[in-house]
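Chemist: This is data17.cif, which holds mmCIF, C-alpha atoms and all ligand atoms:
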```
data_target
loop_
_atom_site.label_atom_id
_atom_site.label_comp_id
_atom_site.auth_asym_id
_atom_site.auth_seq_id
_atom_site.Cartn_x
_atom_site.Cartn_y
_atom_site.Cartn_z
CA MET A 1 28.66 -72.18 36.26
CA ILE A 2 31.33 -71.65 33.66
CA GLN A 3 33.71 -73.96 35.44
CA GLN A 4 31.18 -76.76 35.40
CA ASN A 5 30.52 -76.34 31.69
CA SER A 6 34.15 -76.11 30.76
CA ARG A 7 34.95 -79.41 32.38
CA ASN A 8 35.97 -81.80 29.64
CA GLY A 9 35.92 -79.02 27.11
CA PRO A 10 33.19 -76.93 25.53
CA ALA A 11 29.92 -78.37 24.24
CA ARG A 12 29.82 -78.77 20.48
CA VAL A 13 26.58 -78.05 18.67
CA GLY A 14 26.09 -78.84 14.97
CA ILE A 15 23.81 -76.86 12.68
CA GLY A 16 22.98 -78.50 9.35
CA GLY A 17 20.35 -78.15 6.66
CA PRO A 18 19.76 -77.29 3.01
CA VAL A 19 21.38 -74.35 1.23
CA GLY A 20 19.95 -71.01 2.31
CA SER A 21 17.58 -72.34 4.99
CA GLY A 22 18.95 -69.87 7.54
CA LYS A 23 21.80 -71.64 9.36
CA THR A 24 24.04 -68.58 9.52
CA ALA A 25 21.06 -66.37 10.37
CA LEU A 26 20.25 -68.69 13.28
CA ILE A 27 23.82 -68.44 14.55
CA GLU A 28 23.62 -64.65 14.30
CA GLN A 29 20.52 -64.80 16.50
CA LEU A 30 22.00 -67.24 19.00
CA ILE A 31 25.32 -65.47 19.60
CA PRO A 32 23.94 -62.43 21.48
CA ARG A 33 21.72 -64.67 23.60
CA PHE A 34 24.62 -66.80 24.76
CA ILE A 35 26.79 -63.76 25.38
CA LYS A 36 24.01 -62.19 27.43
CA ARG A 37 23.79 -65.18 29.72
CA GLY A 38 27.55 -65.12 30.27
CA ASN A 39 28.53 -68.03 28.05
CA GLU A 40 31.74 -67.99 26.07
CA ILE A 41 31.19 -68.96 22.50
CA ALA A 42 33.04 -69.71 19.26
CA VAL A 43 31.88 -70.67 15.77
CA ILE A 44 33.19 -72.93 13.04
CA THR A 45 31.73 -72.56 9.56
CA ASN A 46 32.04 -75.02 6.71
CA ASP A 47 31.85 -73.82 3.14
CA LEU A 48 32.71 -75.65 -0.03
CA VAL A 49 35.70 -73.68 -1.20
CA THR A 50 35.17 -70.22 0.24
CA ARG A 51 34.98 -68.65 3.67
CA GLU A 52 31.90 -66.54 2.99
CA ASP A 53 29.93 -67.47 6.10
CA ALA A 54 32.92 -66.97 8.41
CA LYS A 55 33.60 -63.57 6.84
CA ARG A 56 29.95 -62.60 7.16
CA LEU A 57 29.93 -63.49 10.86
CA GLN A 58 33.21 -61.71 11.43
CA ARG A 59 31.90 -58.59 9.73
CA SER A 60 28.72 -58.74 11.83
CA GLY A 61 30.71 -57.69 14.90
CA LEU A 62 28.66 -60.03 17.10
CA LEU A 63 31.74 -61.91 18.22
CA ALA A 64 35.49 -61.27 18.20
CA PRO A 65 36.68 -62.28 14.70
CA GLU A 66 39.29 -64.69 16.08
CA ARG A 67 36.48 -66.73 17.63
CA ILE A 68 35.11 -67.54 14.18
CA VAL A 69 37.04 -69.97 12.04
CA ALA A 70 36.33 -71.48 8.64
CA VAL A 71 36.87 -75.03 7.51
CA GLU A 72 36.75 -75.58 3.78
CA ALA A 73 34.90 -78.78 3.02
CA GLY A 74 36.34 -79.09 -0.47
CA ALA A 75 34.08 -81.91 -1.63
CA CYS A 76 30.63 -82.73 -0.31
CA PRO A 77 29.71 -80.80 2.84
CA HIS A 78 28.61 -83.96 4.65
CA THR A 79 32.04 -85.55 4.35
CA VAL A 80 33.58 -83.23 6.94
CA ILE A 81 30.73 -83.57 9.44
CA ARG A 82 30.06 -87.28 9.17
CA GLU A 83 32.43 -89.60 7.30
CA ASP A 84 35.64 -87.85 8.29
CA PRO A 85 35.13 -84.97 10.69
CA THR A 86 38.86 -84.62 11.46
CA LEU A 87 39.17 -81.08 10.09
CA ASN A 88 36.27 -79.90 12.22
CA SER A 89 37.42 -81.75 15.36
CA GLN A 90 40.84 -80.19 14.97
CA ALA A 91 39.36 -76.75 14.53
CA ALA A 92 37.30 -77.31 17.71
CA GLU A 93 40.34 -78.51 19.65
CA ASN A 94 42.33 -75.49 18.51
CA LEU A 95 39.59 -73.15 19.69
CA ASP A 96 39.41 -75.00 23.00
CA ARG A 97 43.16 -74.54 23.46
CA GLU A 98 43.14 -70.91 22.46
CA PHE A 99 40.13 -69.84 24.55
CA GLU A 100 40.27 -71.87 27.71
CA HIS A 101 36.88 -70.89 29.15
CA LEU A 102 34.75 -71.69 26.11
CA ASP A 103 31.31 -73.08 26.95
CA VAL A 104 30.03 -73.84 23.48
CA ILE A 105 31.24 -74.13 19.90
CA LEU A 106 28.64 -73.86 17.14
CA ILE A 107 29.55 -75.75 13.96
CA GLU A 108 27.70 -74.76 10.79
CA SER A 109 27.72 -77.32 8.03
CA GLY A 110 27.82 -76.22 4.43
CA GLY A 111 24.35 -76.29 2.86
CA ASP A 112 23.55 -79.84 1.81
CA ASN A 113 20.62 -82.11 1.04
CA LEU A 114 18.10 -83.74 3.37
CA ALA A 115 20.34 -86.75 3.88
CA SER A 116 23.10 -84.98 5.75
CA THR A 117 23.71 -85.87 9.37
CA PHE A 118 26.41 -85.06 11.93
CA SER A 119 28.74 -87.62 13.48
CA LEU A 120 28.18 -87.84 17.23
CA ASP A 121 31.92 -88.17 17.46
CA LEU A 122 32.15 -84.54 16.32
CA VAL A 123 29.16 -82.88 18.00
CA ASP A 124 27.21 -83.45 21.21
CA TYR A 125 23.93 -82.15 19.90
CA TRP A 126 22.81 -81.12 16.44
CA MET A 127 19.95 -79.43 14.76
CA PHE A 128 18.65 -79.45 11.25
CA VAL A 129 17.33 -76.19 9.81
CA ILE A 130 14.74 -76.25 7.04
CA ASP A 131 12.47 -73.41 5.96
CA THR A 132 8.86 -73.04 4.95
CA SER A 133 9.72 -71.82 1.44
CA GLU A 134 11.26 -75.17 0.53
CA GLY A 135 7.75 -76.63 0.52
CA ASP A 136 5.56 -77.91 3.31
CA ASP A 137 6.08 -81.52 2.23
CA ILE A 138 9.73 -81.49 3.38
CA PRO A 139 9.15 -83.12 6.80
CA ARG A 140 7.22 -86.08 5.42
CA LYS A 141 10.01 -86.74 2.92
CA ARG A 142 11.83 -88.13 5.95
CA GLY A 143 15.40 -87.27 5.09
CA PRO A 144 17.86 -88.57 7.69
CA GLY A 145 18.64 -84.98 8.70
CA ILE A 146 14.98 -84.43 9.53
CA VAL A 147 14.46 -87.74 11.28
CA GLN A 148 17.72 -88.10 13.21
CA SER A 149 18.57 -84.57 14.32
CA ASP A 150 18.20 -83.75 18.02
CA LEU A 151 16.21 -80.65 17.13
CA LEU A 152 14.37 -79.77 13.93
CA VAL A 153 14.19 -76.04 13.24
CA ILE A 154 11.53 -74.88 10.78
CA ASN A 155 12.67 -71.39 9.84
CA LYS A 156 11.23 -68.50 7.84
CA VAL A 157 7.71 -68.93 9.28
CA ASP A 158 7.11 -65.36 8.07
CA LEU A 159 7.36 -66.54 4.46
CA ALA A 160 4.81 -69.36 4.77
CA PRO A 161 1.78 -67.30 3.63
CA PHE A 162 3.65 -66.08 0.56
CA VAL A 163 4.63 -69.53 -0.65
CA GLY A 164 1.41 -71.25 0.39
CA ALA A 165 3.08 -73.44 2.99
CA ASP A 166 0.94 -74.96 5.71
CA VAL A 167 3.01 -74.57 8.88
CA ASN A 168 0.62 -76.63 11.00
CA LEU A 169 0.97 -79.51 8.59
CA MET A 170 4.78 -79.21 8.74
CA VAL A 171 4.64 -79.37 12.54
CA LYS A 172 2.24 -82.31 12.58
CA GLU A 173 4.21 -84.35 10.05
CA GLY A 174 7.52 -83.28 11.56
CA LEU A 175 6.49 -84.64 14.94
CA GLU A 176 5.20 -87.81 13.33
CA VAL A 177 8.34 -88.72 11.40
CA ARG A 178 10.55 -87.75 14.37
CA GLY A 179 8.63 -89.91 16.84
CA GLY A 180 7.74 -86.88 18.94
CA LYS A 181 11.29 -85.44 19.22
CA HIS A 182 11.37 -81.66 19.56
CA LEU A 183 10.96 -79.16 16.77
CA VAL A 184 10.86 -75.36 16.88
CA LEU A 185 9.37 -72.75 14.55
CA THR A 186 11.58 -69.72 14.00
CA ASN A 187 11.87 -66.43 12.20
CA CYS A 188 15.52 -65.47 12.14
CA LYS A 189 14.68 -62.01 10.89
CA THR A 190 12.76 -61.09 14.05
CA GLY A 191 14.14 -63.55 16.60
CA GLU A 192 10.87 -65.41 17.06
CA GLY A 193 11.47 -68.91 18.46
CA ILE A 194 15.20 -68.36 19.07
CA GLU A 195 14.84 -68.36 22.84
CA GLU A 196 13.35 -71.82 22.58
CA VAL A 197 16.24 -73.06 20.42
CA ALA A 198 18.72 -71.63 22.92
CA ASN A 199 16.86 -73.33 25.78
CA HIS A 200 17.12 -76.71 24.10
CA ILE A 201 20.87 -76.27 23.75
CA ILE A 202 21.23 -75.09 27.35
CA ASN A 203 19.14 -77.94 28.67
CA ASN A 204 20.82 -80.69 26.73
CA VAL A 205 24.48 -79.76 26.70
CA LEU A 206 25.14 -76.74 28.91
CA PHE A 207 23.13 -78.13 31.81
CA ASP A 208 22.44 -74.94 33.71
CA MET B 1 20.47 -83.39 38.51
CA ILE B 2 23.61 -85.48 38.88
CA HIS B 3 26.74 -84.36 37.01
CA ILE B 4 28.78 -87.20 35.62
CA THR B 5 32.21 -86.34 34.26
CA GLU B 6 34.05 -89.64 34.07
CA ILE B 7 33.71 -93.34 33.45
CA LEU B 8 34.71 -95.17 36.62
CA GLY B 9 35.14 -98.53 34.95
CA HIS B 10 33.15 -101.49 33.71
CA VAL B 11 30.64 -103.66 35.57
CA HIS B 12 33.00 -106.58 35.20
CA ASP B 13 36.02 -104.82 36.73
CA SER B 14 37.02 -106.76 39.81
CA ASN B 15 37.24 -103.64 41.99
CA LEU B 16 33.65 -102.62 41.14
CA SER B 17 31.72 -105.81 40.60
CA GLY B 18 31.39 -106.71 44.30
CA THR B 19 29.86 -103.38 45.28
CA LEU B 20 27.61 -103.41 42.23
CA HIS B 21 26.43 -106.88 43.10
CA ASP B 22 25.45 -105.76 46.61
CA LEU B 23 23.71 -102.65 45.30
CA SER B 24 21.76 -104.62 42.73
CA HIS B 25 20.36 -106.85 45.49
CA ARG B 26 18.98 -103.73 47.11
CA ASN B 27 17.65 -102.51 43.75
CA GLU B 28 20.03 -99.56 43.88
CA VAL B 29 21.63 -99.91 40.45
CA GLU B 30 20.09 -97.51 37.96
CA TYR B 31 20.56 -97.78 34.21
CA ILE B 32 20.93 -95.19 31.49
CA ILE B 33 19.65 -97.02 28.44
CA LEU B 34 21.18 -95.95 25.14
CA ASP B 35 20.94 -97.35 21.66
CA ARG B 36 24.12 -98.06 19.78
CA SER B 37 24.28 -94.71 18.00
CA ASN B 38 23.85 -92.74 21.22
CA LEU B 39 26.77 -94.55 22.85
CA LEU B 40 28.94 -92.24 20.76
CA ARG B 41 27.81 -89.23 22.76
CA ARG B 42 30.09 -87.62 25.31
CA ARG B 43 27.91 -84.80 26.54
CA PHE B 44 24.18 -85.29 26.97
CA ARG B 45 21.23 -85.21 29.30
CA ALA B 46 19.58 -88.49 30.21
CA LYS B 47 17.20 -90.03 32.71
CA THR B 48 17.94 -93.36 34.31
CA ASP B 49 15.34 -96.12 34.28
CA GLN B 50 14.41 -94.96 37.78
CA GLY B 51 13.96 -91.37 36.67
CA THR B 52 17.16 -89.80 37.98
CA ASP B 53 18.15 -86.82 35.84
CA CYS B 54 21.79 -87.01 34.73
CA ALA B 55 24.01 -84.50 32.95
CA VAL B 56 26.87 -86.43 31.40
CA SER B 57 30.02 -84.73 30.10
CA ILE B 58 32.94 -87.11 29.77
CA SER B 59 36.30 -86.54 28.11
CA ARG B 60 36.40 -86.47 24.30
CA LEU B 61 38.91 -89.30 24.53
CA ALA B 62 36.58 -91.51 26.56
CA LYS B 63 34.06 -93.87 25.01
CA LEU B 64 30.84 -95.19 26.54
CA THR B 65 30.27 -98.92 26.35
CA ASN B 66 27.57 -101.33 27.40
CA GLY B 67 28.30 -101.78 31.12
CA ALA B 68 30.22 -98.54 31.71
CA VAL B 69 29.92 -97.50 35.36
CA LEU B 70 29.24 -93.78 35.73
CA LEU B 71 28.47 -93.47 39.41
CA LEU B 72 29.20 -95.63 42.43
CA GLU B 73 28.02 -94.53 45.85
CA SER B 74 27.11 -96.39 48.99
CA ASN B 75 23.43 -96.42 48.09
CA ARG B 76 23.37 -95.86 44.36
CA ALA B 77 25.16 -96.82 41.15
CA ILE B 78 24.52 -95.63 37.62
CA VAL B 79 25.43 -97.93 34.74
CA VAL B 80 25.11 -97.64 30.95
CA LYS B 81 23.07 -100.32 29.23
CA MET B 82 22.89 -100.64 25.47
CA SER B 83 19.39 -101.35 24.21
CA GLU B 84 19.03 -104.44 22.13
CA GLU B 85 19.66 -103.87 18.45
CA GLN B 86 16.89 -104.43 15.93
CA TRP B 87 17.70 -105.94 12.56
CA LEU B 88 15.65 -106.21 9.40
CA ARG B 89 16.59 -109.55 7.90
CA LEU B 90 16.12 -109.89 4.15
CA ARG B 91 16.51 -112.83 1.83
CA PRO B 92 17.06 -111.94 -1.84
CA ARG B 93 15.36 -114.15 -4.44
CA ASP B 94 18.49 -114.80 -6.49
CA ILE B 95 21.98 -113.48 -7.13
CA SER B 96 20.92 -110.55 -9.27
CA CYS B 97 18.48 -109.43 -6.58
CA ALA B 98 21.23 -109.83 -3.99
CA ILE B 99 23.53 -107.54 -5.95
CA GLU B 100 20.75 -105.00 -6.30
CA ILE B 101 19.72 -104.89 -2.63
CA GLY B 102 23.39 -104.79 -1.59
CA TYR B 103 24.00 -101.81 -3.82
CA PHE B 104 20.83 -100.10 -2.62
CA ALA B 105 21.55 -100.58 1.09
CA GLY B 106 25.07 -99.20 0.59
CA ASN B 107 23.71 -96.20 -1.23
CA MET B 108 21.38 -95.51 1.69
CA HIS B 109 24.36 -95.58 4.08
CA TRP B 110 22.60 -98.29 6.06
CA ARG B 111 24.63 -100.39 8.45
CA VAL B 112 24.37 -104.04 7.47
CA LYS B 113 25.62 -107.46 8.38
CA PHE B 114 25.80 -110.51 6.17
CA GLU B 115 24.18 -113.66 7.46
CA LYS B 116 24.57 -116.60 5.15
CA GLU B 117 22.12 -115.86 2.34
CA CYS B 118 20.51 -112.94 4.08
CA LEU B 119 21.32 -109.28 4.34
CA SER B 120 20.48 -107.78 7.72
CA ILE B 121 19.95 -104.05 8.02
CA ALA B 122 20.32 -102.30 11.37
CA VAL B 123 17.09 -100.52 12.27
CA GLU B 124 18.30 -97.17 13.60
CA SER B 125 15.23 -95.03 12.94
CA PRO B 126 11.53 -96.02 12.82
CA GLU B 127 11.25 -99.33 10.98
CA GLU B 128 8.56 -98.08 8.64
CA ILE B 129 11.10 -95.71 7.08
CA TYR B 130 13.15 -98.71 5.96
CA LEU B 131 10.11 -100.65 4.81
CA GLU B 132 8.92 -97.73 2.75
CA ARG B 133 12.26 -97.36 0.99
CA LEU B 134 12.28 -101.09 0.30
CA LYS B 135 8.71 -101.21 -0.93
CA ASP B 136 9.56 -101.87 -4.58
CA PHE B 137 11.89 -104.69 -3.61
CA PHE B 138 9.10 -106.34 -1.64
CA THR B 139 6.31 -105.86 -4.15
CA THR B 140 8.40 -107.24 -7.02
CA GLY B 141 9.43 -110.19 -4.87
CA LYS B 142 13.11 -109.39 -5.11
CA ILE B 143 13.47 -109.72 -1.36
CA ARG B 144 11.57 -111.43 1.40
CA ARG B 145 11.58 -110.56 5.06
CA ILE B 146 12.83 -113.34 7.31
CA ASP B 147 11.77 -112.91 10.92
CA HIS B 148 12.99 -116.20 12.32
CA ASP B 149 15.40 -118.80 11.12
CA GLU B 150 13.91 -120.35 8.04
N1 LIG A 301 12.21 -63.89 5.55
C1 LIG A 301 13.15 -64.57 6.18
N2 LIG A 301 14.38 -64.65 5.63
C2 LIG A 301 15.33 -65.35 6.29
C3 LIG A 301 15.08 -65.97 7.55
N3 LIG A 301 16.21 -66.60 7.94
C4 LIG A 301 17.13 -66.34 6.99
N4 LIG A 301 16.61 -65.60 5.99
C5 LIG A 301 17.29 -65.15 4.76
O1 LIG A 301 17.55 -66.28 3.98
C6 LIG A 301 18.79 -66.13 3.28
C7 LIG A 301 19.71 -67.29 3.59
O2 LIG A 301 20.06 -67.24 4.96
P1 LIG A 301 21.43 -67.82 5.50
O3 LIG A 301 21.46 -67.61 6.96
O4 LIG A 301 22.57 -67.28 4.71
O5 LIG A 301 21.24 -69.35 5.14
P2 LIG A 301 22.30 -70.54 5.29
O6 LIG A 301 21.51 -71.75 5.61
O7 LIG A 301 23.38 -70.15 6.23
O8 LIG A 301 22.88 -70.64 3.80
P3 LIG A 301 24.16 -71.48 3.29
O9 LIG A 301 25.19 -71.42 4.35
O10 LIG A 301 24.56 -70.80 2.03
O11 LIG A 301 23.66 -72.87 3.05
C8 LIG A 301 19.35 -64.80 3.69
O12 LIG A 301 19.00 -63.84 2.73
C9 LIG A 301 18.64 -64.52 5.01
O13 LIG A 301 18.54 -63.15 5.28
C10 LIG A 301 13.75 -65.88 8.09
O14 LIG A 301 13.41 -66.44 9.17
N5 LIG A 301 12.84 -65.17 7.36
MG MG A 302 25.44 -70.23 5.97
#
```
Reformat the file's structure so that it appears as structure tokens.
Modeler:
Amino acid sequence: MIQQNSRNGPARVGIGGPVGSGKTALIEQLIPRFIKRGNEIAVITNDLVTREDAKRLQRSGLLAPERIVAVEAGACPHTVIREDPTLNSQAAENLDREFEHLDVILIESGGDNLASTFSLDLVDYWMFVIDTSEGDDIPRKRGPGIVQSDLLVINKVDLAPFVGADVNLMVKEGLEVRGGKHLVLTNCKTGEGIEEVANHIINNVLFD
Amino acid sequence: MIHITEILGHVHDSNLSGTLHDLSHRNEVEYIILDRSNLLRRRFRAKTDQGTDCAVSISRLAKLTNGAVLLLESNRAIVVKMSEEQWLRLRPRDISCAIEIGYFAGNMHWRVKFEKECLSIAVESPEEIYLERLKDFFTTGKIRRIDHDE
């Protein structure tokens, strides 16, 4: 299985979305699931000028610290995932060289606005994470991240009742603006919905 | 599921075209249809037009093109076909409107081409998304949609 996946390098999966929507929390939930099914994994985080997310993941103990690297975006977070993804591609190539049996590299973009998208030159598959507390009108605002991503993740479903967000409406309008492409509801505090996210990744880029 | 890990060549390559020609007569050439943006992918799952499930993972240095041959067997070939591109063709009313729509399209990161006195915008997500963003331009008459040569 691993041999098949490693052919032509590890899969690269992008995770984008607004500030604080739960991108790092999603990664924290995904790591143990991939490890459990025998996949080798590494993570690249993008922050503006710090390495906070990489440090947080390293401290979490979920993954060997050397498998988590930070890329500092410097300017706008979308620049290093779309216009010029060189820094991230290099980081991915370095990881591939260092850990020769890697199956998947998760790349977290710095928190950005609804317009951010990943270059398909950098990643094979990408998801966009929004959360219910940002307002239930987010999907119908049709940002490119929401429309174009391979998978839309609507996180923090547990908070919906507290902020008066209508999750069913978010799902309905999300499906509408995405022309029926997949979306998943998650709670990264409890792990709800994470299995489904993992299955989409496995199906689309790990193939087993 | 068929695993595809390399591009064998192009439909026009002399060493492939003969076999492909024979296969096509027997209806044994299957197509993976991709739009322009998805041609950039190197690892993905796709179904051919005949329903064959394919798992593609080609080298990061390789690049899919319209006509790339991914599989060639005695009774089956799989070929990439790029779906036809859709363009939204707009004619600005005058020079000031042209400047404005040009600036706007750039700001939206839309891919465009210039055709004489028209600006054509590549339709890469549902068309209504573009029309909605352009609504004010239409209602104020700053631009007009040109569907055929006028
Ligand atoms: N209640 C609740 N809180 C969540 C959930 N997911 C994440 N959080 C919390 O939301 C906050 C932001 O989560 P992060 O994972 O840091 O978000 P992020 O998208 O990585 O943030 P940036 O990288 O700074 O853009 C943290 O306090 C998380 O604990 C969820 O499903 N439910
Ligand atoms: Mg984060």
Chemist: From the set B:Ile7, B:Val80, B:Ile95, B:Ile129, which residue has the shortest atom-to-atom contact distance to chain A, counting all atoms listed in the file?
Modeler: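 The shortest atom-to-atom distance to chain A comes from B:Ile129.
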Chemist: Could you check which of B:His10, B:Lys113, B:Arg93, B:His3 is closest to chain A, using all atoms listed in the file?
Modeler: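 Answer, going by the shortest atom-to-atom distance: B:His3.
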Chemist: Neighbouring residues of ligand MG 302 (chain A) are defined here as those with any atom at most 9 Å from a ligand atom, counting only C-alpha atoms and all ligand atoms; list them as number ranges by chain.
Modeler: A: 19-25, 27, 45-47, 52-54, 56, 108-111
Chemist: Would you list the contacts of Ser125 of chain B as an MDAnalysis selection string, taking every protein, DNA or RNA residue within 9 Å and counting only C-alpha atoms, but skipping same-chain residues closer than 6 positions in sequence?
Modeler: chainID A and resid 144 147:148 178
Chemist: When the cut-off is 7 Å and we count only C-alpha atoms, which residues of chain B are near chain A, given as a PDB file with C-alpha atoms, keeping the file's coordinate frame?
Modeler:
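Contents of result-v8.pdb, freshly written:
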```pdb
ATOM      1  CA  LEU B  40      28.940 -92.240  20.760  1.00  0.00           C
ATOM      2  CA  ARG B  41      27.810 -89.230  22.760  1.00  0.00           C
ATOM      3  CA  ARG B  42      30.090 -87.620  25.310  1.00  0.00           C
ATOM      4  CA  ARG B  43      27.910 -84.800  26.540  1.00  0.00           C
ATOM      5  CA  PHE B  44      24.180 -85.290  26.970  1.00  0.00           C
ATOM      6  CA  ARG B  45      21.230 -85.210  29.300  1.00  0.00           C
ATOM      7  CA  ALA B  55      24.010 -84.500  32.950  1.00  0.00           C
ATOM      8  CA  SER B  57      30.020 -84.730  30.100  1.00  0.00           C
ATOM      9  CA  ILE B  58      32.940 -87.110  29.770  1.00  0.00           C
ATOM     10  CA  SER B  59      36.300 -86.540  28.110  1.00  0.00           C
TER      11      SER B  59
END
```
Chemist: Place a sphere of radius 8 Å on (14.5, -103.2, 0.5) in the file coordinates and name every protein, DNA or RNA residue with an atom inside or on its surface, counting all atoms listed in the file; give the answer as JSON, numbers by chain.
Modeler: {"B": [90, 101, 104, 105, 130, 131, 133, 134, 135, 136, 137, 138, 143]}
Chemist: How would the residues just chosen look if you wrote them out with C-alpha atoms as a PDB file, in the coordinates of the input?
Modeler:
```
ATOM      1  CA  LEU B  90      16.120-109.890   4.150  1.00  0.00           C
ATOM      2  CA  ILE B 101      19.720-104.890  -2.630  1.00  0.00           C
ATOM      3  CA  PHE B 104      20.830-100.100  -2.620  1.00  0.00           C
ATOM      4  CA  ALA B 105      21.550-100.580   1.090  1.00  0.00           C
ATOM      5  CA  TYR B 130      13.150 -98.710   5.960  1.00  0.00           C
ATOM      6  CA  LEU B 131      10.110-100.650   4.810  1.00  0.00           C
ATOM      7  CA  ARG B 133      12.260 -97.360   0.990  1.00  0.00           C
ATOM      8  CA  LEU B 134      12.280-101.090   0.300  1.00  0.00           C
ATOM      9  CA  LYS B 135       8.710-101.210  -0.930  1.00  0.00           C
ATOM     10  CA  ASP B 136       9.560-101.870  -4.580  1.00  0.00           C
ATOM     11  CA  PHE B 137      11.890-104.690  -3.610  1.00  0.00           C
ATOM     12  CA  PHE B 138       9.100-106.340  -1.640  1.00  0.00           C
ATOM     13  CA  ILE B 143      13.470-109.720  -1.360  1.00  0.00           C
TER      14      ILE B 143
END
```
Chemist: Using 4 Å of padding on each side, determine the axis-aligned box around all atoms of ligand LIG 301 (chain A) present in the file and give its centre and edge lengths in Å to one decimal, as JSON.
Modeler:
```
{"center_x": 18.7, "center_y": -68.0, "center_z": 5.6, "size_x": 21.0, "size_y": 17.7, "size_z": 15.1}
```
Chemist: Residues at most 9 Å from Ala91 of chain A, counting only C-alpha atoms, excluding those fewer than 3 positions away in the same chain, as JSON, numbers by chain?
Modeler: {"A": [44, 69, 70, 71, 86, 87, 88, 94, 95, 96]}
Chemist: For a quick check of understanding, using all atoms listed in the file, which of A:Val104, A:Gln90, A:Asn39, A:Ile15 has the smallest distance to ligand LIG 301 (chain A)?
Modeler: A:Ile15
Chemist: Just give me the gap between atom O14 of ligand LIG 301 (chain A) and atom CA of Lys189 of chain A in Å, one decimal is fine.
Modeler: 4.9 Å
Chemist: Choose the residue, out of B:Arg89, B:Ile78, B:His21, B:Asn66, that has the smallest atom-to-atom separation from Asp53 of chain B; count all atoms listed in the file.
Modeler: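 For Asp53 of chain B, the nearest of the candidates is B:Ile78.
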Chemist: Name the residues in contact with segment 31-38 of chain A at a cut-off of 10 Å, using all atoms listed in the file, excluding same-chain residues fewer than 2 positions from it; report them as a PyMOL selection string.
Modeler: chain A and resi 1-2+26-29+40-43+62-63+103-104+106+194-195+198+202
Chemist: Report the distance between atom CA of Thr50 of chain A and atom CA of Val153 of chain A in Å, rounded to one decimal place.
Modeler: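 Answer for the atom CA of Thr50 of chain A to atom CA of Val153 of chain A separation: 25.4 Å.
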Chemist: For a test of reading the model, state the distance in Å between atom CA of Phe114 of chain B and atom CA of Ile81 of chain A, rounded to one decimal.
Modeler: 27.6 Å
Chemist: My list of candidates is A:Ile154, A:Ala73, A:Val184, A:Val197. Which is closest to ligand LIG 301 (chain A) when distances are computed with all atoms listed in the file?
Modeler: A:Ile154
Chemist: Tell me which of A:Leu48, A:Ile105, A:Val157, A:Leu30 sits closest to ligand LIG 301 (chain A), counting only C-alpha atoms and all ligand atoms.
Modeler: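 Among the listed residues, the smallest separation from ligand LIG 301 (chain A) belongs to A:Val157.
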Chemist: Name the residues in contact with Val112 of chain B at a cut-off of 12 Å, using all atoms listed in the file, excluding same-chain residues fewer than 5 positions from it; report them as a PyMOL selection string.
Modeler: chain B and resi 85-90+101-107+118-124
Chemist: Since the input lacks some atoms of segment 137-144 of chain A, please model N, CA, C and O atoms and print them as a JSON list (two decimals), in the frame of the given file.
Modeler:
```
[["chain", "number", "residue", "atom", "x", "y", "z"],
["A", 137, "ASP", "N", 6.01, -80.06, 2.23],
["A", 137, "ASP", "CA", 6.08, -81.52, 2.23],
["A", 137, "ASP", "C", 7.45, -82.03, 2.68],
["A", 137, "ASP", "O", 7.68, -83.23, 2.77],
["A", 138, "ILE", "N", 8.36, -81.10, 2.99],
["A", 138, "ILE", "CA", 9.73, -81.49, 3.38],
["A", 138, "ILE", "C", 9.77, -82.46, 4.57],
["A", 138, "ILE", "O", 10.42, -83.50, 4.48],
["A", 139, "PRO", "N", 9.04, -82.18, 5.67],
["A", 139, "PRO", "CA", 9.15, -83.12, 6.80],
["A", 139, "PRO", "C", 8.76, -84.55, 6.44],
["A", 139, "PRO", "O", 9.43, -85.50, 6.81],
["A", 140, "ARG", "N", 7.66, -84.70, 5.66],
["A", 140, "ARG", "CA", 7.22, -86.08, 5.42],
["A", 140, "ARG", "C", 8.11, -86.80, 4.42],
["A", 140, "ARG", "O", 7.98, -87.99, 4.22],
["A", 141, "LYS", "N", 9.04, -86.07, 3.79],
["A", 141, "LYS", "CA", 10.01, -86.74, 2.92],
["A", 141, "LYS", "C", 11.05, -87.51, 3.72],
["A", 141, "LYS", "O", 11.84, -88.26, 3.16],
["A", 142, "ARG", "N", 11.08, -87.28, 5.04],
["A", 142, "ARG", "CA", 11.83, -88.13, 5.95],
["A", 142, "ARG", "C", 13.32, -88.26, 5.67],
["A", 142, "ARG", "O", 13.87, -89.34, 5.79],
["A", 143, "GLY", "N", 13.95, -87.19, 5.26],
["A", 143, "GLY", "CA", 15.40, -87.27, 5.09],
["A", 143, "GLY", "C", 16.03, -87.58, 6.44],
["A", 143, "GLY", "O", 15.48, -87.22, 7.48],
["A", 144, "PRO", "N", 17.18, -88.26, 6.43],
["A", 144, "PRO", "CA", 17.86, -88.57, 7.69],
["A", 144, "PRO", "C", 18.13, -87.34, 8.55],
["A", 144, "PRO", "O", 18.05, -87.41, 9.78]]
```
